[in-house]
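Asker: Have a look at the structure that comes next, please.
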Amino acid sequence: MEHSPPPFFNRGPAPLVRLAFFASLSFALLVLDARFHYTESLRGVLALAVYPLQVVATLPAALGERISGYFASQAQLRDENTGLRAKLLDTSQRAQRYEAARAEAGQLRRLIGAAERLPLKSQPAEILYNGRDPYSRKVIIDKGSQNGVRAGSPVLDEAGVIGQVTRTHALAAEVTLLTDKDQAIPVQVVRNGLRAVAFGAGTSGMLELRFMASNAEIQNGDSLVTSGIDGTYPPGIPVATVARVERDAAYAFARIVCQPAAGVESGRYVLVLENEARQAPPPEEAGPERDKRPGKIRKPRRKDGESSP
Amino acid sequence: MQLSDTSSQRILLPVHAGTILGSFALALLANFLPWNSVALVPDFVALVLVFWCVRQPRLVGLGAGWMMGLLIDAGNGVLMGQHALAYSLLAFASITLSRRILWFPLWSQALHVMALLLFAQAVSALVRLAAGAEFPGWSIAIGPLIGAALWPVVTTLLLMPQRRPVEIDENRAI
């Protein structure tokens with residue numbers, strides 16, 4: 001009281017106090033985001049604030065692309081055209097066979113009374129740039145929520161699945177690649193119909209089949225396609241081929257490493273499928289599998305069981 | 001003679017708020033450029049933050065660092081608060097070291113800056129590993145090293161608006 005400094009020496013709270021304040025604020029945000037995902041609206045506002053900067057930042061690359069496209073030589077274009085025409089012939093012939101097979105499958109399905117599969121809608125998109133986070137494997141594509149892209153939609157290239165849309169902005173969307181450590185995809189072995197779940201293996205750029213018994217019938221070169229039982233990925237799209245199977249009697253599970261079929265880490269043009277789950281809601285049985293706490297789901301089921309008989 | 005070009009002894013014009021804001025905007029822009037290999041690119045925002053915390057610790061500090069961190073988090077789509085925490089700690093360390101750093105010539109300053117940037121990178125790596133991410137390899141330490149090598153360039157560029165023409169006046173005291 002007696003010796004308080006004059007106001008022009010006042011520097012506000014001490015640096016350590018400020019540090020404690022901002023560090024605890026950051027910790028609160030981290031917990032809110034990592035555990036409860038409560039920060040999406042704040043993220044949206046801030047992302048909108050930096051959006052003009054991001055647009056400006058991607059301009060030079062786009063401009064360079066245009067200029068180099070302008071100077072592409074005629075021979076190069078002619079070669080590419082020839083190649084594309086040959087490919088078109090090949091694929092159109094395959095498409096005709098596919099149409100016939102689909103009609104036949106539809107007839108058979110109607111015969112056995114199963115629901116007819118809804119036609120898939122898709123839209124092409126271009127990869128703008130790699131995600132700027134070294135800890136995850138993501139790419140940014142140039143179609144966003146304004147083009148109808150929703151979080152959860154599968155993303156393919158010409159050879160197979162590359163990932164899934166995990167966050168959408170107005171004019172761009174974030175695609176988590178299959179090789180991301182937290183990304184999982186339900187697959188099926190083409191040879192024998194064995195179902196499994198493939199997880200990303202992180203930096204190695206491979207996939208892993210976890211929790212497969214060490215005597216599971218799987219071998220090198222087996223191709224894996226989506227099984228379609230999750231309602232997110234349509235069935236039958238190539239995902240990977242088995243590259244290595246390590247069976248060790250000391251462990252209950254085999255270690256199975258797969259090479260992705262699609263150019264997950266390369267390539268430019270992708271196809272975003274409409275999420276199937278939005279058209280047909282997943283059946284009730286899918287609940288406990290997704291929920292980490294099955295106890296909560298089990299209760300109402302038990303009640304159903306009691307009331308129905 | 002003492003007034004060498006890089007030393008802190010040289011008398012500079014007062015800084016404009018526009019210079020600080022503009023430099024931060026440019027740094028954000030540089031961070032948002034579509035780089036090919038993310039791990040090798042220096043964190044320009046961290047570098048500029050260290051610069052202003054060392055040069056103007058009363059104008060730029062923890063609050064500015066925290067806000068820039070949030071913008072980076074939102075723009076990059078990473079865990080919210082990851083860079084905010086790293087930049088708050090970085091700003092604190094830079095302000096604490098600011099008196100010491102300015103005593104050294106530019107390249108020794110760059111060594112200090114290297115330690116600071118590595119510290120910030122380590123904080124953000126720890127946060128991500130705690131949140132369950134996979135360690136991406138030691139290449140994430142290369143970005144801070146390149147950032148530290150850019151310190152003389154950044155210093156020269158950002159001090160340019162504060163320089164005044166050298167006028168030799170025999171009768172002036174300083």
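Letters for chains follow the order of the structure tokens (A, B, ...), residue numbers begin at 1 for each chain, and ligand numbers begin at 1 in the order shown.
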Pull out every residue of chain B sitting within 8 Å of chain A, counting only C-alpha atoms, and send them as a PyMOL selection string.
Answerer: chain B and resi 28-30+32-36+38-39+62-63+66+70-71+74-76+78-82+84-85+88-89+92+128+131+133-136+140
Asker: Counting only C-alpha atoms, what is within 6 Å of Glu274 in chain A, bar same-chain residues fewer than 2 positions away, as a ChimeraX atom specification?
Answerer: /A:121-122,153
Asker: Please list as a short mmCIF file (atom, residue, chain, number, x, y, z; two decimals) with C-alpha atoms, in the first residue's frame every residue within 10 Å of Arg58 in chain B, counting only C-alpha atoms and excluding residues in the same chain fewer than 5 positions away.
Answerer:
data_model
loop_
_atom_site.label_atom_id
_atom_site.label_comp_id
_atom_site.auth_asym_id
_atom_site.auth_seq_id
_atom_site.Cartn_x
_atom_site.Cartn_y
_atom_site.Cartn_z
CA ARG A 11 3.13 -4.33 -16.55
CA TRP B 52 8.89 -10.25 -31.58
CA CYS B 53 9.03 -11.75 -28.10
CA ILE B 95 10.63 -13.37 -23.11
#
Asker: Might you pull out every residue within 8 Å of range 152-168 of chain B, with only C-alpha atoms counted and same-chain residues fewer than 3 positions away left off, and present them as a PyMOL selection string?
Answerer: chain B and resi 6+12-15+19+23+48+51+106-107+110+149
Asker: Please give the complete set of residues from chain B that DSSP, run on the backbone, assigns to alpha helix (DSSP H), formatted as a ChimeraX atom specification.
Answerer: /B:17-32,44-55,62-76,82-101,106-130,142-149,151-159
Asker: Please produce a file of those selected residues containing C-alpha atoms, as a CSV table (one decimal), in the first residue's frame.
Answerer:
chain,number,residue,atom,x,y,z
B,17,ALA,CA,1.8,-2.3,-34.9
B,18,GLY,CA,1.2,-2.8,-38.6
B,19,THR,CA,4.7,-4.3,-39.0
B,20,ILE,CA,4.0,-6.8,-36.3
B,21,LEU,CA,0.5,-7.8,-37.6
B,22,GLY,CA,1.8,-7.9,-41.2
B,23,SER,CA,4.7,-10.1,-40.3
B,24,PHE,CA,2.4,-12.5,-38.4
B,25,ALA,CA,0.0,-12.6,-41.4
B,26,LEU,CA,2.9,-13.4,-43.8
B,27,ALA,CA,4.2,-16.1,-41.5
B,28,LEU,CA,0.7,-17.7,-41.4
B,29,LEU,CA,0.6,-17.5,-45.2
B,30,ALA,CA,4.0,-19.2,-45.4
B,31,ASN,CA,2.8,-22.0,-43.0
B,32,PHE,CA,-0.3,-22.5,-45.1
B,44,PHE,CA,7.4,-19.6,-39.7
B,45,VAL,CA,4.9,-18.4,-37.1
B,46,ALA,CA,7.0,-19.8,-34.3
B,47,LEU,CA,10.0,-18.0,-35.7
B,48,VAL,CA,8.3,-14.7,-36.0
B,49,LEU,CA,6.8,-15.1,-32.6
B,50,VAL,CA,10.3,-15.7,-31.1
B,51,PHE,CA,11.5,-12.6,-33.0
B,52,TRP,CA,8.9,-10.3,-31.6
B,53,CYS,CA,9.0,-11.8,-28.1
B,54,VAL,CA,12.8,-11.1,-28.0
B,55,ARG,CA,12.6,-7.7,-29.6
B,62,LEU,CA,1.9,-15.1,-24.4
B,63,GLY,CA,-1.5,-13.8,-25.5
B,64,ALA,CA,-0.4,-13.2,-29.0
B,65,GLY,CA,1.3,-16.6,-29.1
B,66,TRP,CA,-1.7,-18.4,-27.8
B,67,MET,CA,-4.0,-16.7,-30.3
B,68,MET,CA,-1.7,-17.5,-33.2
B,69,GLY,CA,-1.5,-21.1,-32.0
B,70,LEU,CA,-5.2,-21.4,-32.0
B,71,LEU,CA,-5.3,-20.1,-35.6
B,72,ILE,CA,-2.7,-22.6,-36.7
B,73,ASP,CA,-4.7,-25.4,-34.9
B,74,ALA,CA,-7.9,-24.5,-36.7
B,75,GLY,CA,-6.3,-23.9,-40.1
B,76,ASN,CA,-4.3,-27.2,-40.0
B,82,GLN,CA,-1.7,-28.2,-29.4
B,83,HIS,CA,0.0,-25.2,-31.0
B,84,ALA,CA,-1.6,-22.8,-28.5
B,85,LEU,CA,0.1,-24.6,-25.7
B,86,ALA,CA,3.4,-24.9,-27.5
B,87,TYR,CA,3.4,-21.2,-28.5
B,88,SER,CA,2.5,-20.0,-25.0
B,89,LEU,CA,5.5,-21.9,-23.6
B,90,LEU,CA,7.6,-20.7,-26.5
B,91,ALA,CA,6.7,-17.0,-25.9
B,92,PHE,CA,7.3,-17.4,-22.2
B,93,ALA,CA,10.8,-18.9,-22.8
B,94,SER,CA,11.6,-16.2,-25.4
B,95,ILE,CA,10.6,-13.4,-23.1
B,96,THR,CA,12.6,-14.9,-20.3
B,97,LEU,CA,15.7,-15.2,-22.5
B,98,SER,CA,15.2,-12.0,-24.5
B,99,ARG,CA,17.7,-9.9,-22.5
B,100,ARG,CA,20.4,-12.6,-22.8
B,101,ILE,CA,19.8,-13.3,-26.5
B,106,LEU,CA,23.4,-13.1,-34.9
B,107,TRP,CA,24.7,-16.6,-35.3
B,108,SER,CA,24.9,-17.2,-31.6
B,109,GLN,CA,21.4,-15.8,-31.4
B,110,ALA,CA,20.4,-18.4,-34.0
B,111,LEU,CA,21.7,-21.2,-31.6
B,112,HIS,CA,19.4,-19.9,-28.8
B,113,VAL,CA,16.6,-19.8,-31.3
B,114,MET,CA,17.3,-23.3,-32.3
B,115,ALA,CA,16.9,-24.5,-28.7
B,116,LEU,CA,13.7,-22.5,-28.4
B,117,LEU,CA,12.1,-23.9,-31.6
B,118,LEU,CA,13.2,-27.5,-30.7
B,119,PHE,CA,11.5,-27.0,-27.3
B,120,ALA,CA,8.3,-25.8,-29.0
B,121,GLN,CA,8.4,-28.8,-31.4
B,122,ALA,CA,9.0,-31.2,-28.5
B,123,VAL,CA,6.0,-29.7,-26.6
B,124,SER,CA,3.7,-30.2,-29.5
B,125,ALA,CA,5.1,-33.7,-30.1
B,126,LEU,CA,4.5,-34.6,-26.5
B,127,VAL,CA,0.9,-33.4,-26.7
B,128,ARG,CA,0.2,-35.5,-29.8
B,129,LEU,CA,1.9,-38.6,-28.4
B,130,ALA,CA,-0.2,-38.2,-25.2
B,142,ILE,CA,14.8,-30.8,-39.0
B,143,GLY,CA,12.2,-28.1,-39.3
B,144,PRO,CA,13.3,-26.2,-36.2
B,145,LEU,CA,17.0,-26.5,-37.3
B,146,ILE,CA,16.1,-24.9,-40.7
B,147,GLY,CA,14.1,-22.3,-38.8
B,148,ALA,CA,17.1,-21.4,-36.7
B,149,ALA,CA,19.2,-21.1,-39.8
B,151,TRP,CA,17.0,-16.4,-38.0
B,152,PRO,CA,19.5,-13.9,-39.5
B,153,VAL,CA,17.3,-13.5,-42.6
B,154,VAL,CA,14.2,-12.9,-40.5
B,155,THR,CA,16.0,-10.5,-38.2
B,156,THR,CA,17.3,-8.4,-41.2
B,157,LEU,CA,13.9,-8.4,-42.9
B,158,LEU,CA,11.8,-7.6,-39.9
B,159,LEU,CA,14.1,-4.9,-38.6
Asker: Separation of CA of Arg244 in chain A and CA of Met206 in chain A, in Å?
Answerer: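 Separating CA of Arg244 in chain A from CA of Met206 in chain A is a distance of 10.7 Å.
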Asker: Between CA of Ile162 in chain A and CA of Ala262 in chain A, what distance in Å does the model show, to one decimal?
Answerer: 6.0 Å
